[in-house]
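Dropping start-v2.pdb in here (PDB, C-alpha atoms, pLDDT in the B column):
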ATOM      1  CA  MET A 110     102.641 111.927  48.423  1.00 62.00           C
ATOM      2  CA  ILE A 111     100.122 109.106  48.936  1.00 69.00           C
ATOM      3  CA  GLU A 112     101.296 106.216  51.104  1.00 74.00           C
ATOM      4  CA  LEU A 113      99.921 102.715  50.405  1.00 86.00           C
ATOM      5  CA  GLU A 114     100.613 100.244  53.179  1.00 91.00           C
ATOM      6  CA  LYS A 115      99.468  97.245  55.171  1.00 94.00           C
ATOM      7  CA  THR A 116     100.173  96.833  58.871  1.00 95.00           C
ATOM      8  CA  TYR A 117     100.217  93.548  60.762  1.00 97.00           C
ATOM      9  CA  LEU A 118     100.690  92.368  64.308  1.00 97.00           C
ATOM     10  CA  ALA A 119     103.640  89.978  64.472  1.00 97.00           C
ATOM     11  CA  LYS A 120     102.829  86.373  65.397  1.00 96.00           C
ATOM     12  CA  GLU A 121     106.478  85.511  65.944  1.00 94.00           C
ATOM     13  CA  ILE A 122     109.894  87.042  65.452  1.00 93.00           C
ATOM     14  CA  PRO A 123     111.126  86.109  61.970  1.00 93.00           C
ATOM     15  CA  GLN A 124     114.328  84.079  61.839  1.00 90.00           C
ATOM     16  CA  GLY A 125     117.419  86.240  61.358  1.00 92.00           C
ATOM     17  CA  LEU A 126     115.758  89.511  62.361  1.00 93.00           C
ATOM     18  CA  LYS A 127     118.604  90.486  64.704  1.00 91.00           C
ATOM     19  CA  ASP A 128     121.013  90.251  61.753  1.00 93.00           C
ATOM     20  CA  CYS A 129     119.028  92.734  59.629  1.00 95.00           C
ATOM     21  CA  ASN A 130     119.818  96.402  59.214  1.00 95.00           C
ATOM     22  CA  SER A 131     118.098  98.452  61.881  1.00 95.00           C
ATOM     23  CA  LYS A 132     117.873 101.931  63.330  1.00 95.00           C
ATOM     24  CA  GLU A 133     116.579 103.649  66.416  1.00 93.00           C
ATOM     25  CA  ILE A 134     113.469 105.763  65.967  1.00 94.00           C
ATOM     26  CA  ILE A 135     112.173 108.319  68.428  1.00 92.00           C
ATOM     27  CA  ASP A 136     108.825 109.888  67.572  1.00 91.00           C
ATOM     28  CA  ILE A 137     107.289 112.885  69.280  1.00 93.00           C
ATOM     29  CA  TYR A 138     103.675 113.609  68.350  1.00 90.00           C
ATOM     30  CA  ILE A 139     102.245 117.099  68.792  1.00 90.00           C
ATOM     31  CA  PRO A 140     100.130 118.663  70.045  1.00 86.00           C
ATOM     32  CA  LYS A 141     100.106 116.574  73.207  1.00 85.00           C
ATOM     33  CA  SER A 142      96.494 117.565  73.901  1.00 84.00           C
ATOM     34  CA  ASN A 143      95.170 115.794  70.749  1.00 82.00           C
ATOM     35  CA  ALA A 144      93.856 112.240  71.096  1.00 79.00           C
ATOM     36  CA  HIS A 145      95.451 111.414  67.703  1.00 79.00           C
ATOM     37  CA  PRO A 146      98.077 114.029  66.805  1.00 83.00           C
ATOM     38  CA  LYS A 147      98.805 114.334  63.078  1.00 84.00           C
ATOM     39  CA  ILE A 148     102.223 116.045  63.368  1.00 91.00           C
ATOM     40  CA  ARG A 149     105.281 113.964  64.163  1.00 91.00           C
ATOM     41  CA  ILE A 150     108.843 115.010  64.895  1.00 95.00           C
ATOM     42  CA  ARG A 151     111.175 112.062  64.271  1.00 93.00           C
ATOM     43  CA  LYS A 152     114.736 110.989  64.920  1.00 95.00           C
ATOM     44  CA  ASN A 153     115.199 108.312  62.281  1.00 92.00           C
ATOM     45  CA  GLY A 154     118.668 106.847  62.810  1.00 90.00           C
ATOM     46  CA  ASP A 155     120.881 109.844  62.043  1.00 93.00           C
ATOM     47  CA  LYS A 156     118.168 111.719  60.097  1.00 95.00           C
ATOM     48  CA  TYR A 157     115.575 114.123  61.442  1.00 97.00           C
ATOM     49  CA  GLU A 158     112.216 115.200  60.052  1.00 96.00           C
ATOM     50  CA  MET A 159     108.796 116.604  60.768  1.00 95.00           C
ATOM     51  CA  THR A 160     105.837 114.880  59.099  1.00 93.00           C
ATOM     52  CA  LYS A 161     102.135 115.527  58.911  1.00 90.00           C
ATOM     53  CA  LYS A 162      99.952 112.533  57.944  1.00 81.00           C
ATOM     54  CA  GLU A 163      96.242 112.599  57.256  1.00 76.00           C
ATOM     55  CA  PRO A 164      93.982 109.947  55.723  1.00 70.00           C
ATOM     56  CA  VAL A 165      92.946 110.674  52.121  1.00 70.00           C
ATOM     57  CA  ASN A 166      89.466 109.367  53.039  1.00 70.00           C
ATOM     58  CA  GLU A 167      88.279 109.730  56.622  1.00 66.00           C
ATOM     59  CA  GLY A 168      88.312 106.355  58.379  1.00 60.00           C
ATOM     60  CA  ASP A 169      90.646 104.696  55.828  1.00 61.00           C
ATOM     61  CA  SER A 170      94.222 104.686  57.113  1.00 56.00           C
ATOM     62  CA  SER A 171      95.557 102.533  54.251  1.00 55.00           C
ATOM     63  CA  ARG A 172      95.919 105.665  52.034  1.00 62.00           C
ATOM     64  CA  GLN A 173      97.411 108.729  53.646  1.00 67.00           C
ATOM     65  CA  GLU A 174      98.610 112.087  52.412  1.00 80.00           C
ATOM     66  CA  GLU A 175     102.043 112.711  53.862  1.00 82.00           C
ATOM     67  CA  GLN A 176     104.013 115.972  53.982  1.00 90.00           C
ATOM     68  CA  THR A 177     107.583 115.883  55.286  1.00 93.00           C
ATOM     69  CA  ILE A 178     110.126 118.573  56.124  1.00 96.00           C
ATOM     70  CA  ILE A 179     113.770 117.589  56.620  1.00 97.00           C
ATOM     71  CA  LEU A 180     115.265 118.933  59.866  1.00 97.00           C
ATOM     72  CA  THR A 181     118.798 119.367  61.129  1.00 97.00           C
ATOM     73  CA  GLU A 182     119.802 117.694  64.385  1.00 95.00           C
ATOM     74  CA  THR A 183     119.762 121.127  66.060  1.00 96.00           C
ATOM     75  CA  GLU A 184     116.225 121.819  64.804  1.00 96.00           C
ATOM     76  CA  PHE A 185     115.083 118.390  66.005  1.00 95.00           C
ATOM     77  CA  ASN A 186     116.654 118.958  69.431  1.00 94.00           C
ATOM     78  CA  GLU A 187     114.897 122.327  69.760  1.00 95.00           C
ATOM     79  CA  LEU A 188     111.521 120.998  68.572  1.00 94.00           C
ATOM     80  CA  SER A 189     111.848 117.945  70.837  1.00 91.00           C
ATOM     81  CA  LYS A 190     111.585 120.323  73.805  1.00 92.00           C
ATOM     82  CA  LEU A 191     107.910 120.802  72.926  1.00 90.00           C
ATOM     83  CA  GLU A 192     105.483 118.859  75.047  1.00 88.00           C
ATOM     84  CA  GLY A 193     104.489 115.863  73.000  1.00 89.00           C
ATOM     85  CA  LYS A 194     103.618 112.207  73.237  1.00 89.00           C
ATOM     86  CA  ARG A 195     106.672 110.019  72.717  1.00 90.00           C
ATOM     87  CA  VAL A 196     107.314 106.550  71.383  1.00 91.00           C
ATOM     88  CA  HIS A 197     110.639 104.705  71.074  1.00 92.00           C
ATOM     89  CA  LYS A 198     111.293 101.724  68.814  1.00 94.00           C
ATOM     90  CA  THR A 199     113.907  99.879  66.827  1.00 95.00           C
ATOM     91  CA  ARG A 200     113.006  99.411  63.168  1.00 95.00           C
ATOM     92  CA  TYR A 201     114.389  96.369  61.371  1.00 97.00           C
ATOM     93  CA  TYR A 202     114.438  96.004  57.577  1.00 97.00           C
ATOM     94  CA  TYR A 203     113.577  92.375  56.870  1.00 97.00           C
ATOM     95  CA  ASN A 204     113.570  90.829  53.395  1.00 95.00           C
ATOM     96  CA  HIS A 205     110.409  88.777  52.870  1.00 94.00           C
ATOM     97  CA  ASN A 206     110.068  87.325  49.351  1.00 91.00           C
ATOM     98  CA  ASN A 207     112.050  90.233  47.857  1.00 90.00           C
ATOM     99  CA  ARG A 208     109.860  92.800  49.604  1.00 92.00           C
ATOM    100  CA  ILE A 209     111.152  94.792  52.557  1.00 94.00           C
ATOM    101  CA  ALA A 210     109.150  94.522  55.763  1.00 96.00           C
ATOM    102  CA  GLU A 211     109.640  97.312  58.274  1.00 96.00           C
ATOM    103  CA  ILE A 212     109.435  95.531  61.619  1.00 97.00           C
ATOM    104  CA  ASP A 213     109.016  97.867  64.582  1.00 95.00           C
ATOM    105  CA  VAL A 214     110.111  96.452  67.925  1.00 96.00           C
ATOM    106  CA  PHE A 215     108.795  98.834  70.555  1.00 94.00           C
ATOM    107  CA  GLN A 216     110.895  99.805  73.561  1.00 93.00           C
ATOM    108  CA  GLY A 217     110.124 101.278  76.952  1.00 91.00           C
ATOM    109  CA  ALA A 218     106.485 101.248  78.057  1.00 92.00           C
ATOM    110  CA  LEU A 219     105.363  99.475  74.838  1.00 95.00           C
ATOM    111  CA  LYS A 220     107.931  96.658  75.074  1.00 95.00           C
ATOM    112  CA  GLY A 221     106.367  93.409  73.872  1.00 95.00           C
ATOM    113  CA  LEU A 222     104.615  95.004  70.892  1.00 96.00           C
ATOM    114  CA  ILE A 223     105.976  94.169  67.444  1.00 96.00           C
ATOM    115  CA  VAL A 224     104.298  95.596  64.347  1.00 96.00           C
ATOM    116  CA  VAL A 225     105.104  94.825  60.688  1.00 97.00           C
ATOM    117  CA  ASP A 226     104.567  97.286  57.815  1.00 95.00           C
ATOM    118  CA  PHE A 227     104.743  96.703  54.077  1.00 96.00           C
ATOM    119  CA  GLU A 228     104.557  99.587  51.613  1.00 93.00           C
ATOM    120  CA  PHE A 229     103.287  99.284  48.052  1.00 92.00           C
ATOM    121  CA  LYS A 230     103.632 101.244  44.829  1.00 90.00           C
ATOM    122  CA  THR A 231     100.162 100.374  43.469  1.00 90.00           C
ATOM    123  CA  MET A 232      96.755  99.385  44.819  1.00 90.00           C
ATOM    124  CA  GLU A 233      96.999  96.158  42.783  1.00 92.00           C
ATOM    125  CA  GLU A 234     100.217  95.186  44.630  1.00 91.00           C
ATOM    126  CA  LYS A 235      98.608  96.017  47.950  1.00 91.00           C
ATOM    127  CA  ASP A 236      95.382  94.154  47.238  1.00 91.00           C
ATOM    128  CA  SER A 237      97.127  90.982  46.017  1.00 92.00           C
ATOM    129  CA  PHE A 238      99.653  90.810  48.892  1.00 93.00           C
ATOM    130  CA  GLU A 239      99.369  87.686  51.062  1.00 94.00           C
ATOM    131  CA  ILE A 240      99.977  87.849  54.787  1.00 95.00           C
ATOM    132  CA  PRO A 241     103.383  86.383  55.736  1.00 96.00           C
ATOM    133  CA  ALA A 242     103.495  83.360  58.071  1.00 95.00           C
ATOM    134  CA  PHE A 243     105.270  85.389  60.792  1.00 96.00           C
ATOM    135  CA  CYS A 244     102.334  87.833  60.920  1.00 97.00           C
ATOM    136  CA  LEU A 245      99.191  87.302  62.958  1.00 97.00           C
ATOM    137  CA  ILE A 246      96.576  89.584  61.423  1.00 96.00           C
ATOM    138  CA  ASP A 247      96.091  92.677  59.249  1.00 95.00           C
ATOM    139  CA  ILE A 248      95.486  95.666  61.534  1.00 95.00           C
ATOM    140  CA  THR A 249      95.829  98.429  58.920  1.00 91.00           C
ATOM    141  CA  GLN A 250      92.372  99.805  59.736  1.00 88.00           C
ATOM    142  CA  GLU A 251      92.755  99.569  63.524  1.00 91.00           C
ATOM    143  CA  LEU A 252      92.992 103.083  64.915  1.00 86.00           C
ATOM    144  CA  PHE A 253      94.514 102.057  68.268  1.00 90.00           C
ATOM    145  CA  ILE A 254      97.754 100.925  66.550  1.00 88.00           C
ATOM    146  CA  ALA A 255      98.387 104.143  64.584  1.00 82.00           C
ATOM    147  CA  GLY A 256     101.586 105.871  65.677  1.00 76.00           C
ATOM    148  CA  GLY A 257      99.709 108.967  66.782  1.00 74.00           C
ATOM    149  CA  MET A 258      97.476 106.814  68.975  1.00 81.00           C
ATOM    150  CA  LEU A 259     100.271 104.626  70.416  1.00 87.00           C
ATOM    151  CA  CYS A 260     102.465 107.516  71.475  1.00 85.00           C
ATOM    152  CA  GLY A 261     102.508 108.164  75.190  1.00 86.00           C
ATOM    153  CA  LYS A 262     100.855 104.809  75.956  1.00 91.00           C
ATOM    154  CA  SER A 263     102.040 101.630  77.665  1.00 93.00           C
ATOM    155  CA  TYR A 264     101.540  98.013  76.644  1.00 95.00           C
ATOM    156  CA  GLU A 265      98.952  97.689  79.412  1.00 95.00           C
ATOM    157  CA  ASP A 266      96.997 100.627  77.903  1.00 94.00           C
ATOM    158  CA  ILE A 267      96.470  98.718  74.642  1.00 95.00           C
ATOM    159  CA  GLU A 268      96.455  95.158  75.978  1.00 95.00           C
ATOM    160  CA  GLU A 269      92.649  94.751  75.761  1.00 95.00           C
ATOM    161  CA  ASN A 270      92.738  95.757  72.078  1.00 94.00           C
ATOM    162  CA  LEU A 271      95.561  93.294  71.431  1.00 96.00           C
ATOM    163  CA  LYS A 272      93.708  90.453  73.186  1.00 95.00           C
ATOM    164  CA  LYS A 273      90.881  90.765  70.626  1.00 95.00           C
ATOM    165  CA  PHE A 274      93.407  89.499  68.049  1.00 96.00           C
ATOM    166  CA  ASN A 275      94.934  86.832  70.341  1.00 95.00           C
ATOM    167  CA  TYR A 276      98.216  88.730  70.262  1.00 96.00           C
ATOM    168  CA  ALA A 277     100.918  87.271  72.500  1.00 91.00           C
ATOM    169  CA  LYS A 278     103.522  89.653  73.895  1.00 93.00           C
ATOM    170  CA  LEU A 279     106.830  89.215  72.026  1.00 92.00           C
ATOM    171  CA  ASN A 280     110.294  90.186  73.199  1.00 83.00           C
ATOM    172  CA  LEU A 281     113.401  90.535  71.112  1.00 74.00           C
ATOM    173  CA  ASP A 282     116.264  90.760  73.547  1.00 66.00           C
ATOM    174  CA  LEU A 283     118.713  93.236  72.096  1.00 51.00           C
TER     175      LEU A 283
END
Turn the structure described in the file into C-alpha cells.
Amino acid sequence: MIELEKTYLAKEIPQGLKDCNSKEIIDIYIPKSNAHPKIRIRKNGDKYEMTKKEPVNEGDSSRQEEQTIILTETEFNELSKLEGKRVHKTRYYYNHNNRIAEIDVFQGALKGLIVVDFEFKTMEEKDSFEIPAFCLIDITQELFIAGGMLCGKSYEDIEENLKKFNYAKLNLDL
C-alpha cells in the first residue's frame, strides 16, 4: 500500500481538540541500533500491529510503501520486550473542512511537540491541499520528525531543528 500524506508542525491547538475522539499510541521501533528504524511495533488504542515503512523513492517521505501485520495483545506484549526506541503520544481525530487531521500530542520526553498529519487518496488531492490556519509549516520532507527518528528522543534533542521553523512548545493539559 502506498501512503500519501502531508505532515505539519502545529502553530496552535485547534479549538475543540480535547472533545475529539482520541487514542493512546505506544510505538516501539526496532532495531534499536538503527539511526532510523523501519520496523514499528504499535499499540494503537486497543489494536496491535507491526509495520514496516520505506520510502518509494529515497529521500521522499511523502510516498511510502507500508506493510502491516495485525498482532494480538499477547504478541504485542511479547514483542514489546525487545529492545527498541519508544515514543508515546495521544492521537486526536480532528475534523478540518470535512477532512480528518490526525493530531499527535506527544507525551513523556517529547511533551510540547504537536504534529498534524493529513492523508490523501490521490496526488492531486495532496498537491492542492492548503495548509490549515492552526498549522505552522509543512515538514513532510523533514527527516528529524519521522517517527523512526523521533523515537527514543527528548524535546531538547530536537529543539534546534524546531527553532529553524520558529516552533513554540505547545501543551495540551489532559
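Residue nearest Lys235 in chain A, chosen from A:Ile122, A:Cys129, A:Ile137, A:Leu113 and counting all atoms listed in the file: A:Leu113.
Shortest separation to Leu252 in chain A among A:His197, A:Lys272, A:Lys278, A:Ile267 occurs at residue A:Ile267, atoms counted being only C-alpha atoms.
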Long-range neighbours of Ile148 in chain A as an MDAnalysis selection string, 9 Å cut-off, all atoms listed in the file, 4 positions minimum in chain: chainID A and resid 137:140 159:162 257
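Going from CA of Val165 in chain A over to CA of Ile209 in chain A, you cover 24.2 Å.
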One decimal place gives the CA of Pro146 in chain A-CA of Lys194 in chain A separation as 8.7 Å
For the PyMOL selection byres ((chain A and resi 242) around 10), applied here, can you spell out every residue it catches as a ChimeraX atom specification? /A:119-121,123,239-241,243-246
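Considering the residues A:Thr199, A:Asn166, A:Asn186, A:Thr181 and counting only C-alpha atoms, Ser131 in chain A has its shortest atom-to-atom contact with A:Thr199.
Interatomic distance, CA of Glu163 in chain A to CA of Ile150 in chain A: 14.9 Å.
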